[in-house]
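*Asks:* This is run-v4.cif, which holds mmCIF, C-alpha atoms and all ligand atoms:
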data_final
loop_
_atom_site.label_atom_id
_atom_site.label_comp_id
_atom_site.auth_asym_id
_atom_site.auth_seq_id
_atom_site.Cartn_x
_atom_site.Cartn_y
_atom_site.Cartn_z
CA MET A 1 6.62 -13.64 -9.44
CA ASP A 2 6.55 -11.37 -12.44
CA ALA A 3 3.78 -8.88 -11.94
CA GLY A 4 4.97 -7.21 -15.10
CA THR A 5 2.84 -9.00 -17.66
CA PRO A 6 -0.88 -8.82 -18.19
CA HIS A 7 -0.97 -12.55 -17.56
CA ALA A 8 0.65 -12.29 -14.17
CA ALA A 9 -2.67 -12.74 -12.42
CA ASP A 10 -2.93 -16.20 -13.90
CA GLU A 11 0.50 -17.38 -12.92
CA ARG A 12 0.95 -19.77 -10.09
CA SER A 13 3.63 -19.55 -7.47
CA PRO A 14 4.30 -21.59 -4.35
CA HIS A 15 2.32 -18.92 -2.45
CA MET A 16 -0.81 -19.69 -4.41
CA ALA A 17 -1.19 -22.88 -2.40
CA ASP A 18 -3.01 -20.67 0.09
CA ALA A 19 -5.65 -19.68 -2.41
CA GLY A 20 -8.30 -21.97 -1.00
CA THR A 21 -10.35 -21.96 -4.21
CA PRO A 22 -9.36 -23.77 -7.39
CA HIS A 23 -9.88 -20.89 -9.81
CA ALA A 24 -8.82 -18.03 -7.64
CA ALA A 25 -6.45 -16.29 -10.05
CA ASP A 26 -5.53 -14.83 -6.74
CA GLU A 27 -2.66 -12.65 -7.41
CA HIS A 28 -0.87 -11.94 -4.19
CA PHE A 29 1.11 -8.84 -3.58
CA PRO A 30 4.71 -9.35 -4.71
CA HIS A 31 6.04 -7.55 -1.62
CA VAL A 32 4.17 -9.80 0.70
CA THR A 33 6.00 -13.03 1.20
CA ASP A 34 7.25 -15.01 4.10
CA ALA A 35 9.78 -12.69 5.72
CA ARG A 36 12.13 -15.63 6.29
CA THR A 37 12.37 -16.48 2.61
CA ARG A 38 12.66 -13.03 1.15
CA THR A 39 15.23 -12.61 -1.59
CA ALA A 40 15.33 -8.93 -2.41
CA PRO A 41 18.18 -6.79 -1.17
CA ALA A 42 17.35 -4.67 1.84
CA THR A 43 16.71 -1.03 1.07
CA PRO A 44 16.94 1.72 3.64
CA ALA A 45 13.55 3.16 4.54
CA THR A 46 14.71 6.69 3.97
CA SER A 47 17.79 8.41 2.66
CA ALA A 48 19.82 10.63 4.96
CA ALA A 49 18.39 14.09 4.32
CA PRO A 50 16.02 15.95 2.06
CA THR A 51 18.18 17.28 -0.73
CA ALA A 52 15.81 17.76 -3.67
CA PRO A 53 15.85 21.38 -4.83
CA ASP A 54 12.05 21.49 -4.93
CA ALA A 55 11.67 20.22 -1.36
CA PRO A 56 10.62 23.15 0.84
CA ALA A 57 12.48 23.56 4.13
CA GLU A 58 9.19 23.67 6.03
CA PRO A 59 6.22 22.31 4.08
CA ARG A 60 3.19 24.54 4.58
CA THR A 61 0.52 22.62 2.68
CA PRO A 62 -0.32 18.92 2.50
CA ARG A 63 0.90 18.97 -1.11
CA GLU A 64 4.26 20.47 -0.19
CA PHE A 65 5.00 17.44 1.97
CA GLU A 66 5.27 15.31 -1.14
CA ALA A 67 8.49 16.96 -2.35
CA THR A 68 10.12 16.57 1.07
CA ALA A 69 8.98 12.96 1.28
CA ARG A 70 10.23 12.21 -2.21
CA ALA A 71 13.68 13.51 -1.33
CA ARG A 72 13.84 11.21 1.68
CA LEU A 73 12.41 8.03 0.19
CA ALA A 74 14.20 5.43 -1.89
CA PRO A 75 12.95 5.99 -5.48
CA GLU A 76 11.23 2.61 -5.67
CA HIS A 77 9.39 3.29 -2.43
CA TYR A 78 8.37 6.77 -3.53
CA ASP A 79 6.99 5.26 -6.74
CA TYR A 80 5.16 2.55 -4.81
CA PHE A 81 3.42 5.18 -2.68
CA ALA A 82 2.77 7.75 -5.43
CA GLY A 83 1.94 5.46 -8.29
CA GLY A 84 -1.26 4.04 -9.67
CA ALA A 85 -2.52 1.58 -12.23
CA GLY A 86 -2.01 1.76 -15.99
CA ASP A 87 -1.59 5.26 -17.37
CA GLU A 88 -2.59 6.71 -13.99
CA VAL A 89 -5.61 8.39 -15.59
CA THR A 90 -7.63 7.86 -12.42
CA VAL A 91 -4.81 9.03 -10.14
CA ARG A 92 -4.83 12.37 -11.94
CA ALA A 93 -8.61 12.48 -12.27
CA ASN A 94 -9.15 12.22 -8.51
CA GLU A 95 -7.37 15.51 -7.83
CA ALA A 96 -8.42 17.24 -11.07
CA ALA A 97 -12.12 16.62 -10.37
CA PHE A 98 -11.95 18.72 -7.20
CA GLY A 99 -10.49 21.52 -9.33
CA ARG A 100 -13.58 21.46 -11.54
CA LEU A 101 -15.90 21.94 -8.59
CA SER A 102 -16.52 25.38 -7.10
CA LEU A 103 -17.81 26.30 -3.66
CA LEU A 104 -20.61 28.83 -3.44
CA PRO A 105 -20.56 30.37 0.04
CA ARG A 106 -23.52 31.65 2.04
CA VAL A 107 -23.22 35.01 3.81
CA LEU A 108 -24.46 36.87 6.90
CA ARG A 109 -25.46 33.75 8.76
CA GLY A 110 -23.75 34.69 12.02
CA ALA A 111 -22.51 31.13 12.22
CA GLY A 112 -19.66 31.77 14.68
CA ARG A 113 -16.64 29.51 14.91
CA PRO A 114 -17.57 26.26 13.17
CA ARG A 115 -17.51 22.80 14.67
CA THR A 116 -15.66 20.21 12.61
CA ASP A 117 -16.63 17.00 14.42
CA VAL A 118 -18.58 14.15 12.83
CA THR A 119 -20.33 10.99 14.02
CA LEU A 120 -19.47 7.76 12.24
CA PRO A 121 -20.43 4.09 12.62
CA GLY A 122 -17.30 3.34 14.65
CA GLY A 123 -17.29 6.45 16.85
CA ARG A 124 -16.81 10.20 16.64
CA ALA A 125 -14.00 12.07 14.97
CA ALA A 126 -12.93 15.62 15.77
CA MET A 127 -12.70 16.34 12.06
CA PRO A 128 -14.25 14.90 8.92
CA VAL A 129 -10.87 13.69 7.62
CA LEU A 130 -9.84 10.12 8.40
CA VAL A 131 -6.58 8.34 7.74
CA ALA A 132 -7.18 5.99 4.79
CA PRO A 133 -5.70 2.50 5.00
CA THR A 134 -2.30 2.42 3.34
CA ALA A 135 0.23 -0.39 3.45
CA PHE A 136 3.84 -0.53 4.61
CA HIS A 137 4.31 2.58 6.76
CA ARG A 138 7.70 1.36 7.92
CA LEU A 139 8.98 2.01 4.39
CA ALA A 140 8.34 5.68 5.19
CA ASP A 141 9.45 5.84 8.82
CA PRO A 142 11.00 3.32 11.22
CA GLU A 143 8.08 3.70 13.67
CA GLY A 144 5.67 3.01 10.85
CA GLU A 145 2.00 2.68 11.75
CA ARG A 146 2.74 3.43 15.42
CA ALA A 147 3.71 6.97 14.45
CA THR A 148 0.68 7.38 12.21
CA ALA A 149 -1.68 6.17 14.93
CA ARG A 150 -0.23 8.56 17.53
CA ALA A 151 -0.67 11.44 15.10
CA ALA A 152 -4.25 10.39 14.35
CA ALA A 153 -4.95 10.21 18.09
CA ALA A 154 -3.48 13.70 18.60
CA ALA A 155 -5.73 14.99 15.82
CA GLY A 156 -8.74 13.24 17.35
CA THR A 157 -9.42 11.39 14.14
CA ILE A 158 -9.78 7.78 13.09
CA MET A 159 -6.99 5.73 11.57
CA ILE A 160 -8.00 2.88 9.30
CA VAL A 161 -5.18 0.39 9.81
CA SER A 162 -4.30 -1.51 6.65
CA MET A 163 -4.35 -5.28 6.80
CA ALA A 164 -0.92 -4.89 5.12
CA SER A 165 0.50 -2.81 7.97
CA THR A 166 4.11 -3.38 8.91
CA VAL A 167 3.21 -3.19 12.62
CA ALA A 168 0.61 -5.66 13.91
CA VAL A 169 -2.73 -4.00 14.63
CA GLY A 170 -2.48 -4.94 18.33
CA ASP A 171 0.90 -3.22 18.57
CA VAL A 172 -0.45 -0.15 16.75
CA ALA A 173 -3.24 0.06 19.34
CA ALA A 174 -0.80 -0.40 22.22
CA ALA A 175 1.45 2.37 20.89
CA ALA A 176 -1.42 4.87 20.61
CA PRO A 177 -3.86 4.20 23.46
CA GLY A 178 -6.00 7.25 22.62
CA ALA A 179 -6.44 6.34 18.99
CA THR A 180 -9.72 5.22 17.44
CA LEU A 181 -8.77 2.50 15.00
CA TRP A 182 -10.71 0.77 12.28
CA PHE A 183 -9.27 -2.30 10.56
CA GLN A 184 -9.12 -2.66 6.77
CA LEU A 185 -9.64 -6.19 5.54
CA TYR A 186 -9.21 -7.99 2.25
CA VAL A 187 -11.50 -10.99 2.67
CA GLN A 188 -9.29 -14.05 2.30
CA PRO A 189 -10.74 -17.07 0.49
CA ASP A 190 -9.65 -19.12 3.50
CA MET A 191 -12.48 -17.90 5.72
CA ALA A 192 -10.91 -19.47 8.81
CA PHE A 193 -7.94 -17.17 8.33
CA THR A 194 -10.26 -14.24 7.60
CA GLU A 195 -11.84 -14.95 10.97
CA THR A 196 -8.40 -14.95 12.60
CA LEU A 197 -7.82 -11.48 11.16
CA VAL A 198 -11.20 -10.25 12.39
CA ARG A 199 -10.49 -11.55 15.90
CA ARG A 200 -7.10 -9.80 15.88
CA ALA A 201 -8.80 -6.55 14.96
CA GLU A 202 -11.42 -7.02 17.68
CA ALA A 203 -8.78 -7.87 20.26
CA ALA A 204 -6.90 -4.70 19.34
CA GLY A 205 -10.04 -2.69 20.09
CA CYS A 206 -10.81 -1.70 16.50
CA ARG A 207 -14.23 -0.12 16.24
CA ALA A 208 -15.14 -1.02 12.65
CA LEU A 209 -14.09 -3.24 9.76
CA VAL A 210 -13.40 -1.58 6.43
CA VAL A 211 -13.73 -4.31 3.84
CA THR A 212 -12.00 -3.46 0.58
CA VAL A 213 -14.00 -4.83 -2.33
CA ASP A 214 -12.24 -3.27 -5.33
CA SER A 215 -9.44 -5.82 -5.47
CA PRO A 216 -10.47 -9.16 -7.01
CA ALA A 217 -6.96 -8.92 -8.50
CA ARG A 218 -4.15 -6.50 -7.98
CA GLY A 219 -3.95 -3.44 -10.22
CA LEU A 220 -1.23 -3.41 -12.86
CA ARG A 221 1.18 -0.75 -11.72
CA ASP A 222 3.82 0.19 -14.21
CA ARG A 223 6.01 2.06 -11.75
CA GLU A 224 6.36 -1.00 -9.54
CA ARG A 225 7.05 -3.19 -12.56
CA HIS A 226 9.70 -0.74 -13.69
CA HIS A 227 11.55 -1.07 -10.38
CA GLY A 228 10.98 -4.82 -10.20
CA LEU A 229 9.87 -4.26 -6.64
CA GLN A 230 9.56 -7.73 -5.25
CA ASP A 231 9.71 -7.71 -1.52
CA LEU A 232 9.81 -5.77 1.69
CA PRO A 233 13.26 -5.06 3.13
CA GLU A 234 14.80 -7.37 5.71
CA GLY A 235 13.04 -7.22 9.03
CA MET A 236 9.78 -5.87 7.62
CA ALA A 237 6.65 -7.92 7.02
CA CYS A 238 2.89 -7.72 6.96
CA GLU A 239 2.63 -8.38 10.67
CA ASN A 240 -1.12 -9.05 10.71
CA LEU A 241 -0.59 -11.96 8.36
CA ARG A 242 1.50 -14.02 10.75
CA ASP A 243 0.30 -17.55 11.01
CA GLY A 244 2.41 -19.82 13.15
CA GLY A 245 5.99 -19.54 11.96
CA ARG A 246 5.22 -17.87 8.62
CA VAL A 247 3.71 -14.75 7.15
CA ARG A 248 0.87 -15.53 4.76
CA PRO A 249 0.65 -13.75 1.42
CA ILE A 250 -2.35 -11.50 0.92
CA VAL A 251 -4.68 -13.26 -1.48
CA MET A 252 -6.68 -11.11 -3.85
CA SER A 253 -9.31 -13.41 -5.24
CA PRO A 254 -11.98 -12.93 -7.93
CA GLU A 255 -13.97 -15.61 -6.10
CA ILE A 256 -14.95 -13.21 -3.34
CA SER A 257 -18.66 -12.37 -3.52
CA TRP A 258 -21.60 -10.96 -1.58
CA GLU A 259 -21.82 -14.36 0.06
CA HIS A 260 -18.53 -13.64 1.83
CA ILE A 261 -19.88 -10.31 3.06
CA GLY A 262 -22.83 -12.25 4.49
CA LEU A 263 -20.46 -14.65 6.26
CA LEU A 264 -18.46 -11.74 7.62
CA ARG A 265 -21.65 -10.10 8.86
CA GLU A 266 -22.39 -13.25 10.89
CA MET A 267 -18.80 -13.45 12.14
CA THR A 268 -18.59 -10.16 14.00
CA ARG A 269 -20.66 -7.46 15.66
CA LEU A 270 -18.31 -4.73 14.44
CA PRO A 271 -19.82 -2.27 11.97
CA ILE A 272 -18.80 -3.14 8.41
CA VAL A 273 -17.93 -0.38 5.96
CA LEU A 274 -17.47 -1.46 2.32
CA LYS A 275 -14.59 0.35 0.64
CA GLY A 276 -14.40 0.57 -3.11
CA VAL A 277 -18.05 0.51 -4.15
CA THR A 278 -18.31 2.73 -7.24
CA HIS A 279 -21.47 1.55 -9.04
CA PRO A 280 -24.85 2.69 -7.69
CA ALA A 281 -26.31 -0.79 -8.26
CA ASP A 282 -23.67 -2.22 -5.91
CA ALA A 283 -24.42 0.49 -3.37
CA ARG A 284 -28.07 -0.65 -3.37
CA LEU A 285 -27.02 -4.30 -3.07
CA ALA A 286 -24.78 -3.46 -0.13
CA LEU A 287 -27.77 -2.19 1.82
CA GLY A 288 -29.22 -5.69 1.78
CA HIS A 289 -26.07 -7.13 3.34
CA GLY A 290 -26.07 -5.43 6.70
CA VAL A 291 -23.32 -2.91 6.08
CA SER A 292 -23.06 0.18 8.25
CA GLY A 293 -21.44 2.44 5.70
CA LEU A 294 -19.89 2.79 2.25
CA LEU A 295 -16.54 4.33 1.38
CA VAL A 296 -16.63 5.50 -2.23
CA SER A 297 -13.13 4.94 -3.51
CA ASN A 298 -11.20 3.93 -6.60
CA HIS A 299 -8.26 2.95 -4.40
CA GLY A 300 -6.41 6.15 -5.21
CA GLY A 301 -6.31 5.07 -8.87
CA ARG A 302 -4.28 1.96 -8.02
CA GLN A 303 -6.71 -0.75 -9.10
CA LEU A 304 -8.70 -0.33 -12.34
CA ASP A 305 -7.39 2.61 -14.33
CA THR A 306 -9.93 4.96 -15.98
CA VAL A 307 -12.52 4.57 -13.22
CA PRO A 308 -14.06 8.05 -12.75
CA ALA A 309 -12.79 10.40 -10.09
CA ALA A 310 -14.12 9.41 -6.68
CA VAL A 311 -15.75 12.78 -5.97
CA ASP A 312 -17.61 12.59 -9.29
CA LEU A 313 -19.07 9.22 -8.26
CA LEU A 314 -20.28 10.51 -4.94
CA PRO A 315 -23.66 12.08 -5.88
CA GLU A 316 -24.93 8.92 -7.59
CA ILE A 317 -23.92 6.71 -4.68
CA VAL A 318 -25.42 9.10 -2.15
CA ALA A 319 -28.67 9.07 -4.13
CA ALA A 320 -28.66 5.27 -4.38
CA VAL A 321 -28.17 4.87 -0.64
CA GLY A 322 -30.86 7.43 0.17
CA GLY A 323 -29.55 8.16 3.64
CA ALA A 324 -29.80 4.52 4.79
CA VAL A 325 -26.12 4.45 5.85
CA PRO A 326 -23.36 7.07 5.92
CA VAL A 327 -21.27 7.44 2.77
CA LEU A 328 -17.59 8.30 3.00
CA MET A 329 -15.15 8.95 0.17
CA ASP A 330 -11.43 9.02 -0.54
CA GLY A 331 -9.21 9.88 -3.50
CA GLY A 332 -7.49 13.15 -4.33
CA VAL A 333 -8.40 15.07 -1.18
CA ARG A 334 -5.56 17.56 -0.66
CA ARG A 335 -7.20 20.72 0.71
CA GLY A 336 -9.82 21.77 3.22
CA THR A 337 -11.90 23.05 0.31
CA ASP A 338 -11.82 19.54 -1.21
CA VAL A 339 -13.20 18.21 2.07
CA LEU A 340 -16.06 20.72 2.00
CA LYS A 341 -16.93 19.88 -1.59
CA ALA A 342 -17.17 16.16 -0.77
CA LEU A 343 -19.23 16.80 2.35
CA ALA A 344 -21.55 19.20 0.53
CA LEU A 345 -22.13 16.47 -2.07
CA GLY A 346 -23.22 14.10 0.67
CA ALA A 347 -20.14 12.45 2.17
CA ARG A 348 -20.18 12.11 5.96
CA ALA A 349 -16.38 12.21 6.01
CA VAL A 350 -13.39 11.78 3.70
CA ALA A 351 -10.14 9.87 4.07
CA VAL A 352 -6.64 10.78 2.93
CA GLY A 353 -4.04 8.26 1.78
CA ARG A 354 -0.93 9.74 0.20
CA PRO A 355 -0.85 13.02 2.17
CA VAL A 356 -0.43 11.00 5.36
CA ILE A 357 2.37 8.95 3.79
CA TRP A 358 4.13 12.16 2.70
CA GLY A 359 3.88 13.57 6.22
CA LEU A 360 5.22 10.32 7.66
CA ALA A 361 8.14 10.11 5.26
CA ALA A 362 8.97 13.80 5.68
CA ASP A 363 8.99 13.93 9.46
CA GLY A 364 7.55 10.82 11.10
CA GLU A 365 4.79 11.31 13.66
CA ARG A 366 5.34 15.10 13.62
CA GLY A 367 4.89 15.17 9.87
CA VAL A 368 1.58 13.30 10.01
CA THR A 369 0.43 15.52 12.86
CA ARG A 370 1.27 18.57 10.78
CA VAL A 371 -0.58 17.28 7.70
CA LEU A 372 -3.69 16.48 9.77
CA ASP A 373 -3.49 19.83 11.61
CA LEU A 374 -3.22 21.70 8.33
CA LEU A 375 -6.24 19.90 6.93
CA ARG A 376 -8.29 20.47 10.08
CA ALA A 377 -7.42 24.19 10.11
CA GLU A 378 -8.25 24.48 6.41
CA VAL A 379 -11.61 22.75 6.94
CA GLU A 380 -12.45 25.10 9.81
CA HIS A 381 -11.41 28.15 7.81
CA ALA A 382 -13.36 27.10 4.70
CA LEU A 383 -16.47 26.38 6.82
CA THR A 384 -16.18 29.88 8.27
CA LEU A 385 -15.91 31.43 4.81
CA CYS A 386 -18.92 29.40 3.67
CA GLY A 387 -21.01 30.70 6.57
CA CYS A 388 -21.37 27.27 8.18
CA ALA A 389 -21.66 26.60 11.91
CA SER A 390 -20.79 22.95 11.35
CA VAL A 391 -20.41 20.39 8.59
CA HIS A 392 -24.18 19.87 8.76
CA ASP A 393 -24.76 23.28 7.16
CA LEU A 394 -23.18 22.15 3.89
CA ASP A 395 -25.50 21.09 1.09
CA PRO A 396 -25.24 20.24 -2.63
CA ASP A 397 -26.49 23.68 -3.62
CA MET A 398 -23.19 25.13 -2.38
CA VAL A 399 -21.25 23.27 -5.07
CA ARG A 400 -21.14 24.30 -8.71
CA ARG A 401 -19.44 22.59 -11.60
CA SER A 402 -17.06 25.01 -13.31
CA CYS A 403 -15.81 24.46 -16.83
CA ARG A 404 -12.03 24.48 -16.32
C1 LIG B 501 0.72 3.45 -0.86
C2 LIG B 501 -0.73 3.09 -0.77
C3 LIG B 501 -1.09 1.90 -0.16
C4 LIG B 501 -2.43 1.56 -0.04
N1 LIG B 501 -2.77 0.45 0.64
C5 LIG B 501 -4.07 0.12 0.80
C6 LIG B 501 -4.44 -1.01 1.56
O1 LIG B 501 -3.61 -1.70 2.12
N2 LIG B 501 -5.76 -1.28 1.65
C7 LIG B 501 -6.72 -0.51 1.05
O2 LIG B 501 -7.90 -0.81 1.16
N3 LIG B 501 -6.39 0.58 0.34
C8 LIG B 501 -5.09 0.92 0.21
N4 LIG B 501 -4.75 2.05 -0.47
C9 LIG B 501 -5.81 2.93 -0.99
C10 LIG B 501 -6.18 4.01 0.04
O3 LIG B 501 -6.86 3.45 1.12
C11 LIG B 501 -7.05 5.11 -0.52
O4 LIG B 501 -8.15 4.54 -1.18
C12 LIG B 501 -6.32 6.05 -1.48
O5 LIG B 501 -4.99 6.23 -1.10
C13 LIG B 501 -7.03 7.41 -1.49
O6 LIG B 501 -6.43 8.25 -2.41
P1 LIG B 501 -5.36 9.39 -2.04
O7 LIG B 501 -4.06 8.70 -1.85
O8 LIG B 501 -5.41 10.26 -3.24
O9 LIG B 501 -5.83 10.10 -0.78
C14 LIG B 501 -3.42 2.40 -0.59
C15 LIG B 501 -3.06 3.60 -1.22
C16 LIG B 501 -1.73 3.95 -1.29
C17 LIG B 501 -1.37 5.26 -1.95
C1 LIG B 502 -0.37 -4.63 0.02
C2 LIG B 502 -1.26 -3.99 -0.99
C3 LIG B 502 -2.33 -4.93 -1.34
C4 LIG B 502 -1.72 -2.68 -0.49
C5 LIG B 502 -2.61 -1.91 -1.44
O1 LIG B 502 -3.80 -2.03 -1.40
C6 LIG B 502 -2.03 -0.98 -2.37
O2 LIG B 502 -0.80 -0.93 -2.53
O3 LIG B 502 -2.80 -0.24 -3.01
#
Take the structure in this file and express it as structure tokens.

*Replies:*
Amino acid sequence: MDAGTPHAADERSPHMADAGTPHAADEHFPHVTDARTRTAPATPATSAAPTAPDAPAEPRTPREFEATARARLAPEHYDYFAGGAGDEVTVRANEAAFGRLSLLPRVLRGAGRPRTDVTLPGGRAAMPVLVAPTAFHRLADPEGERATARAAAAAGTIMIVSMASTVAVGDVAAAAPGATLWFQLYVQPDMAFTETLVRRAEAAGCRALVVTVDSPARGLRDRERHHGLQDLPEGMACENLRDGGRVRPIVMSPEISWEHIGLLREMTRLPIVLKGVTHPADARLALGHGVSGLLVSNHGGRQLDTVPAAVDLLPEIVAAVGGAVPVLMDGGVRRGTDVLKALALGARAVAVGRPVIWGLAADGERGVTRVLDLLRAEVEHALTLCGCASVHDLDPDMVRRSCR
């Protein structure tokens, strides 16, 4: 399938037989095909050693992990992880927006050493930084999502396992018994198969469903088109999508509606968090559909390009929800100070996508552990400098918009 033309979403392929609805211009992810019929040449997950001159010997910040990861990854896999849609305006905006926000600390509060823990619909987390759902961790490390989950467990935080994980969610849970897992779901037009996915997540002990709603079609990603990335390497597949002897393609369908969220609500007792709500009107609608939380996200700039930065959307969504359910956010979080800004503006917690991938590609489980440790330490330090005893002491008045 050629994802390289604007019309790609309308093209049919043998995989579209799964669409389940006649008009679902349901583009499926080019990498996700039946593992037994894949045609692309296998590519090693990582190259032998980090050799790039800009890759630091020992990365000391979440951002520094990217250079090390880039040196280890095959170029097409690096671009898959790093890239976004269109001109990547939103990818850049997510990080830049944090740079335009300033923190205004309080003093002399005798706050002591701050607590960093938070309560969320699917359990507690030792820090307000979750692992965002990202696909294909075995492209970054042979242990894949198993390594990520162990690192999340060690950090005491929650990992949102992507439906497109390269280790089945049950195997991720088995590999990291202490981990709190949530399961990310793209509702499939075939609701019977959607139910199969939900039952797999429940059986694995997942504590919440994160339903991604920003993908009625796949974003147009120039970097992937440039590489002609078509498939996962030999021996890798979207393990949650197994159905009998085959692996189903992920269907992204513009037919998915609030009605499906209603059906999902009846299907499971797990808390449902909607990921990818960006319009306040949709946030208000969500409240009428029994959701337990919202995750404000523009998919790391990988879906519709030119959507505003996620942190800039946060205040409006928080106002629309009016405290009825917790609001989380992701997109561009790279520093502890970014975390504080988002929390001060009303997020209960944030999630990080690419930083975790960079840690994983740089040094497997240890790399992810290091990235999460760095973020936790930075959050604690920034809370101390802001005079906060816990994340609850943050409020919007501690954030100012600077002009740079
Ligand atoms: C390589 C990659 C794969 C992703 N896969 C998924 C996915 O399978 N499901 C999903 O809901 N979001 C997915 N996302 C979006 C992330 O969950 C998250 O919204 C985004 O990465 C946050 O931005 P950040 O990378 O700047 O932290 C993916 C993002 C990346 C970078
Ligand atoms: C398999 C893909 C659908 C994963 C994804 O959401 C992404 O690459 O952004």

*Asks:* Which residue, A:Arg115, A:Arg124, A:Arg400, A:Arg248, has the smallest gap to ligand LIG 502 (chain B) when you use only C-alpha atoms and all ligand atoms?

*Replies:*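 Closest to ligand LIG 502 (chain B) of all the choices is A:Arg248.
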
*Asks:* What are the closest atom pairs, with distances in Å to one decimal, for all residues of chain A lying within 9 Å of ligand LIG 502 (chain B)? Consider only C-alpha atoms and all ligand atoms, order rows by chain and residue number, and present the result as JSON lines.

*Replies:*
{"residue": "A:His28", "atom": "CA", "partner": "B:LIG502", "partner_atom": "C3", "distance": 7.7}
{"residue": "A:Phe29", "atom": "CA", "partner": "B:LIG502", "partner_atom": "C3", "distance": 5.7}
{"residue": "A:Pro30", "atom": "CA", "partner": "B:LIG502", "partner_atom": "C1", "distance": 8.4}
{"residue": "A:His31", "atom": "CA", "partner": "B:LIG502", "partner_atom": "C1", "distance": 7.2}
{"residue": "A:Val32", "atom": "CA", "partner": "B:LIG502", "partner_atom": "C1", "distance": 6.9}
{"residue": "A:Tyr80", "atom": "CA", "partner": "B:LIG502", "partner_atom": "O2", "distance": 7.3}
{"residue": "A:Phe81", "atom": "CA", "partner": "B:LIG502", "partner_atom": "O2", "distance": 7.4}
{"residue": "A:Gly84", "atom": "CA", "partner": "B:LIG502", "partner_atom": "O3", "distance": 8.1}
{"residue": "A:Pro133", "atom": "CA", "partner": "B:LIG502", "partner_atom": "O1", "distance": 8.1}
{"residue": "A:Thr134", "atom": "CA", "partner": "B:LIG502", "partner_atom": "C4", "distance": 6.4}
{"residue": "A:Ala135", "atom": "CA", "partner": "B:LIG502", "partner_atom": "C4", "distance": 5.0}
{"residue": "A:Phe136", "atom": "CA", "partner": "B:LIG502", "partner_atom": "C1", "distance": 7.5}
{"residue": "A:Ser162", "atom": "CA", "partner": "B:LIG502", "partner_atom": "C4", "distance": 7.7}
{"residue": "A:Met163", "atom": "CA", "partner": "B:LIG502", "partner_atom": "C1", "distance": 7.9}
{"residue": "A:Ala164", "atom": "CA", "partner": "B:LIG502", "partner_atom": "C1", "distance": 5.1}
{"residue": "A:Ser165", "atom": "CA", "partner": "B:LIG502", "partner_atom": "C1", "distance": 8.2}
{"residue": "A:Tyr186", "atom": "CA", "partner": "B:LIG502", "partner_atom": "C3", "distance": 8.3}
{"residue": "A:Thr212", "atom": "CA", "partner": "B:LIG502", "partner_atom": "O1", "distance": 8.6}
{"residue": "A:Ser215", "atom": "CA", "partner": "B:LIG502", "partner_atom": "O1", "distance": 7.9}
{"residue": "A:Arg218", "atom": "CA", "partner": "B:LIG502", "partner_atom": "C3", "distance": 7.1}
{"residue": "A:Gly219", "atom": "CA", "partner": "B:LIG502", "partner_atom": "O3", "distance": 8.0}
{"residue": "A:Cys238", "atom": "CA", "partner": "B:LIG502", "partner_atom": "C1", "distance": 8.3}
{"residue": "A:Ile250", "atom": "CA", "partner": "B:LIG502", "partner_atom": "C3", "distance": 6.9}
{"residue": "A:Val251", "atom": "CA", "partner": "B:LIG502", "partner_atom": "C3", "distance": 8.7}
{"residue": "A:Met252", "atom": "CA", "partner": "B:LIG502", "partner_atom": "C3", "distance": 8.0}
{"residue": "A:His299", "atom": "CA", "partner": "B:LIG502", "partner_atom": "O3", "distance": 6.5}
{"residue": "A:Gly300", "atom": "CA", "partner": "B:LIG502", "partner_atom": "O3", "distance": 7.7}
{"residue": "A:Gly301", "atom": "CA", "partner": "B:LIG502", "partner_atom": "O3", "distance": 8.7}
{"residue": "A:Arg302", "atom": "CA", "partner": "B:LIG502", "partner_atom": "O3", "distance": 5.7}
{"residue": "A:Gln303", "atom": "CA", "partner": "B:LIG502", "partner_atom": "O3", "distance": 7.3}

*Asks:* Neighbouring residues of Ala309 in chain A were defined as those with any atom within 7 Å, considering only C-alpha atoms; residues of the same chain fewer than 3 positions away were excluded. Please report them as a list of chain:residue names.

*Replies:*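 Listed by chain and then number, they are A:Thr90, A:Ala93, A:Asn94, A:Ala97, A:Asp312, A:Leu313.
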
*Asks:* Contacts of Thr384 in chain A at 12 Å or less, counting all atoms listed in the file, minus same-chain residues fewer than 2 places along, as a list in words?

*Replies:*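 Residues meeting the cut-off are Pro105, Arg106, Val107, Leu108, Arg109, Gly110, Ala111, Gly112, Arg113, Pro114, Arg115, Thr116, Gly336, Thr337, Leu340, Ala377, Glu378, Val379, Glu380, His381, Ala382, Cys386, Gly387, Cys388, Ala389, Ser390, Val391, Asp393 and Leu394 of chain A.
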
*Asks:* When you count all atoms listed in the file, which of these residues is closest to ligand LIG 501 (chain B): A:Val333, A:Leu295, A:Ala55, A:Leu374?

*Replies:* A:Val333

*Asks:* Write out as number ranges by chain the residues lying within 6 Å of range 156-161 of chain A, counting only C-alpha atoms and excluding same-chain residues fewer than 6 positions away.

*Replies:* A: 125-126, 130-133, 180-184

*Asks:* For a test of reading the model, state the distance in Å between CA of Glu266 in chain A and atom C5 of ligand LIG 501 (chain B), rounded to one decimal.

*Replies:*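 The value is 24.8 Å.
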
*Asks:* For a quick check of understanding, using only C-alpha atoms, which of A:Leu232, A:Leu220, A:Ala281, A:Ala175 has the smallest distance to Leu304 in chain A?

*Replies:* A:Leu220

*Asks:* I need the residue nearest Val352 in chain A from this list: A:Ile261, A:Val371, A:Ile256, A:Met398. Use all atoms listed in the file for the distance.

*Replies:*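 Of A:Ile261, A:Val371, A:Ile256, A:Met398, the one nearest Val352 in chain A, counting all atoms listed in the file, is A:Val371.
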